[in-house]
Number of protein chains: 2
Amino acid sequence: MAHPVSPLASPFPAIPEIAGVTPYVVRAGYKDWGRCDLTYVTFEEGTAVAGVFTRNLCCSTEVELGRQNLAQGRARALVVNAGNSNAFTGYRGREAVEQIMDQVAAHLDCPREQVFVSSTGVIGVPLPKDKAREGVANALTAAPCSWEDAANTIATTDTFAKGATATAMIGDVRITIGAIIKGSGMVAPDMATMLGYLFTDAAVEPAFLQQCLSEANARTFSCITVDSDTSTSDTVLAFATGRAGNAPLASFDSPGADAFAAAIHDVCRQLAHLVVRDGEGAQKFIAVAVSGAVSDESARKVGLAIANSPLVKTAIAGEDANWGRVVMAVGKAGEPADRDRLSIGFGGTWAAREGLPLATYDEAPVAAHLKGRDITIEVDLGLGEGRATVWTCDLTHGYISINADYRS
Amino acid sequence: MAHPVSPLASPFPAIPEIAGVTPYVVRAGYKDWGRCDLTYVTFEEGTAVAGVFTRNLCCSTEVELGRQNLAQGRARALVVNAGNSNAFTGYRGREAVEQIMDQVAAHLDCPREQVFVSSTGVIGVPLPKDKAREGVANALTAAPCSWEDAANTIATTDTFAKGATATAMIGDVRITIGAIIKGSGMVAPDMATMLGYLFTDAAVEPAFLQQCLSEANARTFSCITVDSDTSTSDTVLAFATGRAGNAPLASFDSPGADAFAAAIHDVCRQLAHLVVRDGEGAQKFIAVAVSGAVSDESARKVGLAIANSPLVKTAIAGEDANWGRVVMAVGKAGEPADRDRLSIGFGGTWAAREGLPLATYDEAPVAAHLKGRDITIEVDLGLGEGRATVWTCDLTHGYISINADYRS
């Protein structure tokens, strides 16, 4: 954590214990640093698991094996290595991951497919097997740690520890979700990159847990961007131990399923926002709210075109209500748009309506809004009922300094 | 031209007179500046015209009318306004363009569809009709100017005047092409944006001129990017007067057609490179050469994913041979790629071959290469015969300063 703490940082929340989940951290020494860099989390037997992964075609071995392991739906352990992403390392990288899976599976006496491994850090250097073996051995006998310790240990270039929590009632049983995430740039592949983990004591069938996570992902993690780049390692996993004792959730027909899905969505949204708030060089948090699109998915794509536009992001950095750049970004998205129906606003004040600059446009409230930390850009395409919100941060000298001066 | 001249600038070439083409410049006063800002070019009767335009759906009236006018294939005049792009200005903007077309058509006694108009500058402010009328009236009686004057007059945020020239033999007739372009960022939509014009004395049928221009465009203007943003006004027009007296070119079966097409391609490549060399904040000119793709178009898309990656561009700015970021960009392109067949090099030296860092990698020549102004990134996907080269510039503090501090 060499860079100053983001001005958009949030304090780490009070995450309670999650029954059936125990976190540990140790120092494997993947880099020459004094901090812990190996996180180990155990789950009691029968824990359901679900996951979403990067779509990057050059993904890491960890992502490939994680996808495979999901098929059997159960998890007993998670290992997260920080300081080395093990991406683009061929068979040597794969051997290191399989060694970790075997070592933990032997200790827990479980199938190795129930051991999930993530790695984050420099690309192109195989994870050192000897350090991994010793680190895991130490983790197996370590004392449990706090969630904040775990959040700090999975982090790399993050400037603050990130966590979220929520509860929901399933019948008369209160279930709890705790979650941690790392990421500081969607995505900086050297420190590759966004890794998020949700832990809950709810009883949930793996297929329904996957459905809840996938639907939440589509409207949270898939709606954030820092720099339009896509990591080779992005991973979000959800683990459900069932220790709360609720009647297991199998589908949206199960009583309490809606509340559980809403809580998962809430936690994913919190985590996604935290990543943007730690975006490299970020000085402002930007919500792009698109309405009037032909579909929700079309609205999301228009929102991402705006949120990924360097010209829009630099305009916000400069506190400039430059709606012309927003027009440009709408037009380049490739989605249905009609210049003469388009309306654009900032912080609730329209600057242009139906294709024309507003004659009554009052710049004062917009200028005041743009001086703040939390910025809203409103776009109404005037075509249909589709809507989506996308989140990003501004593009500043800080981003250039971090990424041009950083040496892998 | 408020910013310092790009370190990648080229001197303006010696463009000869093009028979049948006469340029003029005047000051219409679209902005409060002392410079000329209206360029007027006349063509003798029978001049063929072809064009390519932005794909931005929120394009300007000038682009809409230019596309329509192309259908009849002939041009008598070109008017370029600088300082106001007239984009996103509704019916009022359209009236201003139609007024210019009518005024010039009446003077030349030609159909108004043969008058082509472009505008570049601030978005969202209708082109003032009175200033346009007086400017055009002055242009109709002005004395001819040089090509460098014309190049300076179509420019906005450009830091140097841009031109190109080439000749070709058609039978025993030498034909000449002269061309000017403005653009400094693909694309800065406030100063929206890339406008390019080719003028030749060759005799060419409009349909074949269009074929040559479209094919050249696919491998030149469509292969450059500064910041991934797409202008609302991008326009490239080619005008052929026929005064050289060659046997008219109607297809690639016409004698000399190949030489002509090659000269058009050469000029388009020169112009495209000049725009990148004036990219906002550019300190280095980057060629991304992709081979081994499943098709040329797939190679181009992979090249653009690399050239548009902020993380790759900042790495080059930092003179960092960060091939991990190139891997990431290849993987996010969405095109066929196999991590374990991928090879990446800089300036002719491989850093990674077939999915693994090269054991014999010698960083010294790569480090020396990256300290230069002209950088090459080589990517071999190892899948097929498809290849393409894409050009971009690095992403520096200069880009942020220009775009965050600039106020529309």
# chains A, B, ... in the order shown; residues from 1 in each chain; ligands from 1
>>> select_by_dssp(residues="region 81-178 of chain A", states="alpha helix (DSSP H)", output="ChimeraX atom specification")
/A:90-108,129-140,147-154
>>> write_last_selection(atoms="N, CA, C and O atoms", output="short mmCIF file (atom, residue, chain, number, x, y, z; two decimals), in the first residue's frame")
data_model
loop_
_atom_site.label_atom_id
_atom_site.label_comp_id
_atom_site.auth_asym_id
_atom_site.auth_seq_id
_atom_site.Cartn_x
_atom_site.Cartn_y
_atom_site.Cartn_z
N GLY A 90 2.23 -20.85 -17.68
CA GLY A 90 2.26 -22.18 -18.27
C GLY A 90 2.13 -23.31 -17.27
O GLY A 90 1.50 -23.18 -16.23
N TYR A 91 2.76 -24.45 -17.58
CA TYR A 91 2.59 -25.65 -16.77
C TYR A 91 3.20 -25.48 -15.38
O TYR A 91 2.74 -26.07 -14.41
N ARG A 92 4.24 -24.62 -15.27
CA ARG A 92 4.86 -24.46 -13.95
C ARG A 92 3.90 -23.78 -12.98
O ARG A 92 3.83 -24.13 -11.80
N GLY A 93 3.15 -22.80 -13.49
CA GLY A 93 2.14 -22.15 -12.65
C GLY A 93 1.05 -23.12 -12.24
O GLY A 93 0.59 -23.11 -11.10
N ARG A 94 0.68 -23.98 -13.19
CA ARG A 94 -0.38 -24.94 -12.89
C ARG A 94 0.05 -25.92 -11.80
O ARG A 94 -0.74 -26.25 -10.90
N GLU A 95 1.28 -26.35 -11.88
CA GLU A 95 1.78 -27.29 -10.86
C GLU A 95 1.70 -26.69 -9.46
O GLU A 95 1.37 -27.38 -8.48
N ALA A 96 2.01 -25.39 -9.36
CA ALA A 96 1.98 -24.74 -8.04
C ALA A 96 0.56 -24.72 -7.47
O ALA A 96 0.35 -24.94 -6.27
N VAL A 97 -0.41 -24.44 -8.34
CA VAL A 97 -1.80 -24.39 -7.86
C VAL A 97 -2.26 -25.78 -7.44
O VAL A 97 -2.89 -25.97 -6.39
N GLU A 98 -1.93 -26.79 -8.25
CA GLU A 98 -2.35 -28.15 -7.92
C GLU A 98 -1.69 -28.64 -6.63
O GLU A 98 -2.31 -29.36 -5.84
N GLN A 99 -0.46 -28.19 -6.40
CA GLN A 99 0.22 -28.57 -5.16
C GLN A 99 -0.53 -28.02 -3.94
O GLN A 99 -0.72 -28.73 -2.93
N ILE A 100 -0.98 -26.75 -4.05
CA ILE A 100 -1.73 -26.14 -2.94
C ILE A 100 -3.02 -26.90 -2.70
O ILE A 100 -3.40 -27.22 -1.56
N MET A 101 -3.73 -27.21 -3.80
CA MET A 101 -4.99 -27.94 -3.67
C MET A 101 -4.77 -29.29 -2.99
O MET A 101 -5.53 -29.68 -2.08
N ASP A 102 -3.73 -30.01 -3.41
CA ASP A 102 -3.46 -31.33 -2.84
C ASP A 102 -3.09 -31.23 -1.36
O ASP A 102 -3.54 -32.04 -0.54
N GLN A 103 -2.25 -30.25 -1.06
CA GLN A 103 -1.78 -30.11 0.34
C GLN A 103 -2.94 -29.83 1.28
O GLN A 103 -3.05 -30.45 2.35
N VAL A 104 -3.84 -28.93 0.89
CA VAL A 104 -4.98 -28.59 1.75
C VAL A 104 -5.99 -29.75 1.80
O VAL A 104 -6.51 -30.09 2.86
N ALA A 105 -6.21 -30.38 0.64
CA ALA A 105 -7.18 -31.49 0.59
C ALA A 105 -6.72 -32.64 1.48
O ALA A 105 -7.54 -33.28 2.17
N ALA A 106 -5.42 -32.91 1.50
CA ALA A 106 -4.90 -33.99 2.34
C ALA A 106 -5.14 -33.67 3.82
O ALA A 106 -5.54 -34.52 4.62
N HIS A 107 -4.91 -32.38 4.17
CA HIS A 107 -5.08 -31.97 5.57
C HIS A 107 -6.54 -32.07 5.99
O HIS A 107 -6.85 -32.51 7.10
N LEU A 108 -7.45 -31.64 5.11
CA LEU A 108 -8.88 -31.62 5.46
C LEU A 108 -9.56 -32.93 5.11
O LEU A 108 -10.75 -33.10 5.43
N LYS A 129 6.85 -22.73 -5.68
CA LYS A 129 6.21 -23.86 -5.01
C LYS A 129 6.69 -24.05 -3.58
O LYS A 129 5.90 -24.42 -2.71
N ASP A 130 7.98 -23.77 -3.34
CA ASP A 130 8.49 -23.99 -1.98
C ASP A 130 7.87 -22.99 -0.99
O ASP A 130 7.47 -23.35 0.12
N LYS A 131 7.78 -21.72 -1.44
CA LYS A 131 7.17 -20.73 -0.55
C LYS A 131 5.70 -21.04 -0.32
O LYS A 131 5.18 -20.86 0.79
N ALA A 132 5.01 -21.49 -1.37
CA ALA A 132 3.60 -21.83 -1.23
C ALA A 132 3.43 -22.98 -0.24
O ALA A 132 2.56 -22.95 0.64
N ARG A 133 4.30 -24.03 -0.35
CA ARG A 133 4.16 -25.20 0.51
C ARG A 133 4.36 -24.82 1.97
O ARG A 133 3.58 -25.20 2.84
N GLU A 134 5.39 -24.02 2.24
CA GLU A 134 5.66 -23.64 3.62
C GLU A 134 4.57 -22.71 4.15
O GLU A 134 4.14 -22.83 5.31
N GLY A 135 4.12 -21.79 3.27
CA GLY A 135 3.05 -20.87 3.68
C GLY A 135 1.78 -21.62 4.05
O GLY A 135 1.16 -21.35 5.10
N VAL A 136 1.39 -22.55 3.20
CA VAL A 136 0.17 -23.32 3.47
C VAL A 136 0.33 -24.14 4.76
O VAL A 136 -0.58 -24.18 5.60
N ALA A 137 1.50 -24.75 4.92
CA ALA A 137 1.74 -25.55 6.14
C ALA A 137 1.57 -24.68 7.39
O ALA A 137 0.95 -25.10 8.38
N ASN A 138 2.09 -23.47 7.34
CA ASN A 138 1.93 -22.57 8.49
C ASN A 138 0.47 -22.17 8.69
O ASN A 138 -0.01 -22.04 9.81
N ALA A 139 -0.23 -21.97 7.57
CA ALA A 139 -1.64 -21.55 7.67
C ALA A 139 -2.48 -22.64 8.32
O ALA A 139 -3.41 -22.35 9.10
N LEU A 140 -2.14 -23.91 8.05
CA LEU A 140 -2.95 -25.02 8.58
C LEU A 140 -2.90 -25.08 10.10
O LEU A 140 -3.78 -25.67 10.74
N TRP A 147 -11.65 -10.42 10.00
CA TRP A 147 -11.95 -10.18 8.59
C TRP A 147 -11.12 -9.04 8.03
O TRP A 147 -10.75 -9.04 6.86
N GLU A 148 -10.84 -8.05 8.86
CA GLU A 148 -10.03 -6.93 8.37
C GLU A 148 -8.60 -7.41 8.06
O GLU A 148 -8.00 -6.99 7.07
N ASP A 149 -8.06 -8.33 8.91
CA ASP A 149 -6.75 -8.90 8.60
C ASP A 149 -6.78 -9.62 7.26
O ASP A 149 -5.86 -9.51 6.44
N ALA A 150 -7.85 -10.38 7.04
CA ALA A 150 -7.96 -11.11 5.77
C ALA A 150 -8.06 -10.15 4.61
O ALA A 150 -7.43 -10.34 3.56
N ALA A 151 -8.86 -9.07 4.76
CA ALA A 151 -9.01 -8.08 3.68
C ALA A 151 -7.68 -7.43 3.37
O ALA A 151 -7.34 -7.17 2.21
N ASN A 152 -6.89 -7.14 4.39
CA ASN A 152 -5.57 -6.54 4.17
C ASN A 152 -4.62 -7.53 3.50
O ASN A 152 -3.74 -7.12 2.73
N THR A 153 -4.77 -8.79 3.78
CA THR A 153 -3.82 -9.78 3.29
C THR A 153 -4.07 -10.17 1.83
O THR A 153 -3.14 -10.53 1.11
N ILE A 154 -5.32 -10.09 1.37
CA ILE A 154 -5.56 -10.36 -0.06
C ILE A 154 -5.23 -9.13 -0.92
O ILE A 154 -5.17 -9.24 -2.14
#
>>> closest_atom_pairs(of="chain A", to="chain B", cutoff="7 Å", atoms="only C-alpha atoms", output="CSV")
residue,atom,partner,partner_atom,distance
A:Asn56,CA,B:Gly331,CA,4.8
A:Leu57,CA,B:Gly331,CA,4.4
A:Cys58,CA,B:Gly331,CA,4.7
A:Phe88,CA,B:Gly355,CA,6.1
A:Thr89,CA,B:Leu356,CA,5.8
A:Gly90,CA,B:Leu356,CA,6.2
A:Ile123,CA,B:Gly324,CA,5.6
A:Gly124,CA,B:Pro357,CA,6.4
A:Pro189,CA,B:Arg325,CA,6.1
A:Asp190,CA,B:Gly324,CA,6.6
A:Asp227,CA,B:Pro310,CA,6.5
A:Asp229,CA,B:Ser309,CA,6.3
A:Thr230,CA,B:Lys332,CA,5.9
A:Ser231,CA,B:Met328,CA,6.3
A:Thr232,CA,B:Met328,CA,6.0
A:Ser309,CA,B:Asp229,CA,6.3
A:Pro310,CA,B:Asp227,CA,6.5
A:Leu311,CA,B:Asn403,CA,6.5
A:Thr314,CA,B:Ala404,CA,4.6
A:Ala315,CA,B:Ala404,CA,5.1
A:Ala317,CA,B:Ala404,CA,5.8
A:Gly318,CA,B:Ala404,CA,4.3
A:Asp320,CA,B:Arg407,CA,6.5
A:Asn322,CA,B:Ser408,CA,6.6
A:Gly324,CA,B:Ile123,CA,5.6
A:Arg325,CA,B:Pro189,CA,6.1
A:Val327,CA,B:Cys58,CA,6.8
A:Met328,CA,B:Thr232,CA,6.0
A:Gly331,CA,B:Leu57,CA,4.4
A:Lys332,CA,B:Asn56,CA,4.9
A:Ala337,CA,B:Leu57,CA,6.7
A:Asp338,CA,B:Cys58,CA,6.9
A:Arg339,CA,B:Cys58,CA,5.0
A:Asp340,CA,B:Gly90,CA,6.9
A:Gly355,CA,B:Phe88,CA,6.1
A:Leu356,CA,B:Thr89,CA,5.8
A:Pro357,CA,B:Gly124,CA,6.4
A:Thr396,CA,B:Ile400,CA,6.3
A:His397,CA,B:His397,CA,5.8
A:Ile400,CA,B:His397,CA,6.2
A:Asn403,CA,B:Thr314,CA,5.6
A:Ala404,CA,B:Gly318,CA,4.3
A:Asp405,CA,B:Gly318,CA,5.5
A:Arg407,CA,B:Asp320,CA,6.4
A:Ser408,CA,B:Asn322,CA,6.6
>>> select_by_dssp(residues="region 37-177 of chain B", states="strand (DSSP E or B)", output="JSON, numbers by chain")
{"B": [38, 39, 40, 41, 42, 43, 48, 49, 50, 51, 52, 53, 74, 77, 78, 79, 80, 81, 82, 83, 84, 115, 116, 117, 118, 119, 120, 121, 122, 162, 163, 164, 165, 166, 167, 168, 169, 170, 173, 174, 175, 176, 177]}
>>> residues_around(residues="Val25 (chain A)", least_positions_apart="2", cutoff="8 Å", atoms="only C-alpha atoms", output="PDB file with all heavy atoms, in the first residue's frame")
ATOM      1  N   PRO A  23     -11.223 -17.704   9.023  1.00  0.00           N
ATOM      2  CA  PRO A  23     -10.113 -17.159   8.234  1.00  0.00           C
ATOM      3  C   PRO A  23      -8.784 -17.169   8.999  1.00  0.00           C
ATOM      4  O   PRO A  23      -8.761 -17.042  10.231  1.00  0.00           O
ATOM      5  CB  PRO A  23     -10.561 -15.717   7.979  1.00  0.00           C
ATOM      6  CG  PRO A  23     -11.377 -15.357   9.186  1.00  0.00           C
ATOM      7  CD  PRO A  23     -11.983 -16.643   9.731  1.00  0.00           C
ATOM      8  N   ARG A  27       2.466 -15.287   6.505  1.00  0.00           N
ATOM      9  CA  ARG A  27       3.406 -14.683   5.568  1.00  0.00           C
ATOM     10  C   ARG A  27       4.121 -15.794   4.805  1.00  0.00           C
ATOM     11  O   ARG A  27       4.893 -16.552   5.387  1.00  0.00           O
ATOM     12  CB  ARG A  27       4.422 -13.816   6.311  1.00  0.00           C
ATOM     13  CG  ARG A  27       5.396 -13.139   5.367  1.00  0.00           C
ATOM     14  CD  ARG A  27       6.283 -12.131   6.077  1.00  0.00           C
ATOM     15  NE  ARG A  27       7.288 -11.680   5.139  1.00  0.00           N
ATOM     16  CZ  ARG A  27       8.431 -12.326   4.902  1.00  0.00           C
ATOM     17  NH1 ARG A  27       8.734 -13.402   5.590  1.00  0.00           N
ATOM     18  NH2 ARG A  27       9.270 -11.879   3.981  1.00  0.00           N
ATOM     19  N   CYS A  36       1.749 -10.093   5.846  1.00  0.00           N
ATOM     20  CA  CYS A  36       1.141 -11.373   5.487  1.00  0.00           C
ATOM     21  C   CYS A  36       0.693 -11.320   4.035  1.00  0.00           C
ATOM     22  O   CYS A  36       0.280 -10.276   3.531  1.00  0.00           O
ATOM     23  CB  CYS A  36      -0.062 -11.659   6.386  1.00  0.00           C
ATOM     24  SG  CYS A  36       0.401 -12.102   8.068  1.00  0.00           S
ATOM     25  N   ASP A  37       0.806 -12.456   3.333  1.00  0.00           N
ATOM     26  CA  ASP A  37       0.441 -12.473   1.918  1.00  0.00           C
ATOM     27  C   ASP A  37      -0.247 -13.776   1.500  1.00  0.00           C
ATOM     28  O   ASP A  37      -0.441 -14.017   0.311  1.00  0.00           O
ATOM     29  CB  ASP A  37       1.662 -12.201   1.030  1.00  0.00           C
ATOM     30  CG  ASP A  37       2.848 -13.091   1.376  1.00  0.00           C
ATOM     31  OD1 ASP A  37       2.670 -14.057   2.146  1.00  0.00           O
ATOM     32  OD2 ASP A  37       3.950 -12.824   0.869  1.00  0.00           O
ATOM     33  N   LEU A  38      -0.602 -14.619   2.480  1.00  0.00           N
ATOM     34  CA  LEU A  38      -1.360 -15.829   2.170  1.00  0.00           C
ATOM     35  C   LEU A  38      -2.567 -15.891   3.091  1.00  0.00           C
ATOM     36  O   LEU A  38      -2.423 -15.835   4.316  1.00  0.00           O
ATOM     37  CB  LEU A  38      -0.481 -17.080   2.322  1.00  0.00           C
ATOM     38  CG  LEU A  38      -1.092 -18.387   1.792  1.00  0.00           C
ATOM     39  CD1 LEU A  38      -0.001 -19.361   1.339  1.00  0.00           C
ATOM     40  CD2 LEU A  38      -2.006 -19.061   2.817  1.00  0.00           C
ATOM     41  N   THR A  39      -3.744 -15.943   2.502  1.00  0.00           N
ATOM     42  CA  THR A  39      -4.991 -16.009   3.262  1.00  0.00           C
ATOM     43  C   THR A  39      -5.576 -17.406   3.083  1.00  0.00           C
ATOM     44  O   THR A  39      -5.614 -17.931   1.967  1.00  0.00           O
ATOM     45  CB  THR A  39      -5.995 -14.958   2.738  1.00  0.00           C
ATOM     46  OG1 THR A  39      -5.355 -13.680   2.737  1.00  0.00           O
ATOM     47  CG2 THR A  39      -7.250 -14.912   3.596  1.00  0.00           C
ATOM     48  N   TYR A  40      -6.002 -17.992   4.185  1.00  0.00           N
ATOM     49  CA  TYR A  40      -6.552 -19.352   4.167  1.00  0.00           C
ATOM     50  C   TYR A  40      -7.877 -19.298   4.898  1.00  0.00           C
ATOM     51  O   TYR A  40      -7.963 -18.751   6.002  1.00  0.00           O
ATOM     52  CB  TYR A  40      -5.562 -20.292   4.867  1.00  0.00           C
ATOM     53  CG  TYR A  40      -6.023 -21.719   5.081  1.00  0.00           C
ATOM     54  CD1 TYR A  40      -6.403 -22.519   4.009  1.00  0.00           C
ATOM     55  CD2 TYR A  40      -6.041 -22.268   6.366  1.00  0.00           C
ATOM     56  CE1 TYR A  40      -6.806 -23.834   4.213  1.00  0.00           C
ATOM     57  CE2 TYR A  40      -6.426 -23.581   6.579  1.00  0.00           C
ATOM     58  CZ  TYR A  40      -6.820 -24.372   5.494  1.00  0.00           C
ATOM     59  OH  TYR A  40      -7.209 -25.669   5.700  1.00  0.00           O
ATOM     60  N   ALA A 139      -0.235 -21.966   7.569  1.00  0.00           N
ATOM     61  CA  ALA A 139      -1.638 -21.555   7.669  1.00  0.00           C
ATOM     62  C   ALA A 139      -2.476 -22.641   8.324  1.00  0.00           C
ATOM     63  O   ALA A 139      -3.405 -22.351   9.099  1.00  0.00           O
ATOM     64  CB  ALA A 139      -2.193 -21.227   6.286  1.00  0.00           C
ATOM     65  N   ALA A 142      -2.211 -22.117  11.997  1.00  0.00           N
ATOM     66  CA  ALA A 142      -2.264 -20.745  12.526  1.00  0.00           C
ATOM     67  C   ALA A 142      -3.511 -20.543  13.381  1.00  0.00           C
ATOM     68  O   ALA A 142      -4.439 -21.356  13.348  1.00  0.00           O
ATOM     69  CB  ALA A 142      -2.255 -19.746  11.366  1.00  0.00           C
ATOM     70  N   PRO A 144      -6.929 -18.319  14.145  1.00  0.00           N
ATOM     71  CA  PRO A 144      -7.842 -17.539  13.306  1.00  0.00           C
ATOM     72  C   PRO A 144      -7.575 -16.034  13.406  1.00  0.00           C
ATOM     73  O   PRO A 144      -7.050 -15.545  14.414  1.00  0.00           O
ATOM     74  CB  PRO A 144      -9.226 -17.880  13.880  1.00  0.00           C
ATOM     75  CG  PRO A 144      -9.050 -19.214  14.512  1.00  0.00           C
ATOM     76  CD  PRO A 144      -7.647 -19.210  15.064  1.00  0.00           C
ATOM     77  N   CYS A 145      -7.939 -15.314  12.357  1.00  0.00           N
ATOM     78  CA  CYS A 145      -7.716 -13.861  12.310  1.00  0.00           C
ATOM     79  C   CYS A 145      -9.039 -13.138  12.109  1.00  0.00           C
ATOM     80  O   CYS A 145     -10.088 -13.764  11.946  1.00  0.00           O
ATOM     81  CB  CYS A 145      -6.751 -13.511  11.189  1.00  0.00           C
ATOM     82  SG  CYS A 145      -7.462 -13.727   9.552  1.00  0.00           S
ATOM     83  N   ASP A 149      -8.065  -8.327   8.912  1.00  0.00           N
ATOM     84  CA  ASP A 149      -6.747  -8.901   8.605  1.00  0.00           C
ATOM     85  C   ASP A 149      -6.782  -9.617   7.256  1.00  0.00           C
ATOM     86  O   ASP A 149      -5.863  -9.506   6.436  1.00  0.00           O
ATOM     87  CB  ASP A 149      -6.330  -9.911   9.679  1.00  0.00           C
ATOM     88  CG  ASP A 149      -5.892  -9.218  10.969  1.00  0.00           C
ATOM     89  OD1 ASP A 149      -5.618  -8.011  10.937  1.00  0.00           O
ATOM     90  OD2 ASP A 149      -5.841  -9.918  12.013  1.00  0.00           O
ATOM     91  N   ALA A 150      -7.852 -10.380   7.039  1.00  0.00           N
ATOM     92  CA  ALA A 150      -7.962 -11.113   5.771  1.00  0.00           C
ATOM     93  C   ALA A 150      -8.057 -10.149   4.607  1.00  0.00           C
ATOM     94  O   ALA A 150      -7.425 -10.344   3.563  1.00  0.00           O
ATOM     95  CB  ALA A 150      -9.184 -12.039   5.814  1.00  0.00           C
ATOM     96  N   THR A 153      -4.775  -8.794   3.778  1.00  0.00           N
ATOM     97  CA  THR A 153      -3.823  -9.784   3.286  1.00  0.00           C
ATOM     98  C   THR A 153      -4.073 -10.170   1.831  1.00  0.00           C
ATOM     99  O   THR A 153      -3.145 -10.534   1.114  1.00  0.00           O
ATOM    100  CB  THR A 153      -3.820 -11.021   4.212  1.00  0.00           C
ATOM    101  OG1 THR A 153      -3.501 -10.583   5.535  1.00  0.00           O
ATOM    102  CG2 THR A 153      -2.808 -12.060   3.769  1.00  0.00           C
TER     103      THR A 153
END
>>> residues_around(residues="Gly384 (chain B)", least_positions_apart="6", cutoff="8 Å", atoms="only C-alpha atoms", output="list of chain:residue names")
B:Ser291, B:Gly292, B:Ala293, B:Val294, B:Ser295
>>> write_last_selection(atoms="all heavy atoms", output="PDB file, in the first residue's frame")
ATOM      1  N   SER B 291       0.389 -10.415 -35.735  1.00  0.00           N
ATOM      2  CA  SER B 291       0.421 -11.468 -36.758  1.00  0.00           C
ATOM      3  C   SER B 291      -0.123 -12.750 -36.143  1.00  0.00           C
ATOM      4  O   SER B 291      -0.371 -12.822 -34.942  1.00  0.00           O
ATOM      5  CB  SER B 291       1.848 -11.681 -37.265  1.00  0.00           C
ATOM      6  OG  SER B 291       2.681 -12.069 -36.189  1.00  0.00           O
ATOM      7  N   GLY B 292      -0.317 -13.762 -37.001  1.00  0.00           N
ATOM      8  CA  GLY B 292      -0.756 -15.060 -36.501  1.00  0.00           C
ATOM      9  C   GLY B 292      -2.207 -15.103 -36.063  1.00  0.00           C
ATOM     10  O   GLY B 292      -2.620 -16.036 -35.369  1.00  0.00           O
ATOM     11  N   ALA B 293      -3.003 -14.090 -36.456  1.00  0.00           N
ATOM     12  CA  ALA B 293      -4.426 -14.099 -36.091  1.00  0.00           C
ATOM     13  C   ALA B 293      -5.205 -14.965 -37.070  1.00  0.00           C
ATOM     14  O   ALA B 293      -4.703 -15.335 -38.128  1.00  0.00           O
ATOM     15  CB  ALA B 293      -4.976 -12.670 -36.085  1.00  0.00           C
ATOM     16  N   VAL B 294      -6.466 -15.244 -36.732  1.00  0.00           N
ATOM     17  CA  VAL B 294      -7.273 -16.084 -37.618  1.00  0.00           C
ATOM     18  C   VAL B 294      -7.690 -15.331 -38.877  1.00  0.00           C
ATOM     19  O   VAL B 294      -8.054 -15.944 -39.878  1.00  0.00           O
ATOM     20  CB  VAL B 294      -8.523 -16.651 -36.899  1.00  0.00           C
ATOM     21  CG1 VAL B 294      -8.100 -17.591 -35.773  1.00  0.00           C
ATOM     22  CG2 VAL B 294      -9.404 -15.522 -36.356  1.00  0.00           C
ATOM     23  N   SER B 295      -7.643 -13.985 -38.848  1.00  0.00           N
ATOM     24  CA  SER B 295      -7.954 -13.189 -40.037  1.00  0.00           C
ATOM     25  C   SER B 295      -7.332 -11.806 -39.861  1.00  0.00           C
ATOM     26  O   SER B 295      -6.944 -11.428 -38.746  1.00  0.00           O
ATOM     27  CB  SER B 295      -9.466 -13.047 -40.224  1.00  0.00           C
ATOM     28  OG  SER B 295     -10.007 -12.231 -39.190  1.00  0.00           O
TER      29      SER B 295
END
>>> residues_around(residues="region 362-373 of chain B", least_positions_apart="3", cutoff="7 Å", atoms="only C-alpha atoms", output="PyMOL selection string")
chain B and resi 283-285+319+346-347+349
>>> atom_distance(atom1="CA of Phe252 (chain A)", atom2="CA of Leu237 (chain A)")
20.3 Å
>>> residues_around(residues="Gly20 (chain B)", least_positions_apart="4", cutoff="7 Å", atoms="only C-alpha atoms", output="PyMOL selection string")
chain B and resi 43-44+201+241+243
>>> closest_residue(among="A:Val226, A:Val236, A:Ala259, A:Val204", to="Ala282 (chain A)", atoms="only C-alpha atoms")
A:Val226
>>> atom_distance(atom1="CA of Phe53 (chain A)", atom2="CA of Asp234 (chain A)")
5.5 Å
>>> closest_residue(among="B:Ala272, B:Val52, B:Leu381, B:Val302", to="Thr225 (chain B)", atoms="only C-alpha atoms")
B:Ala272
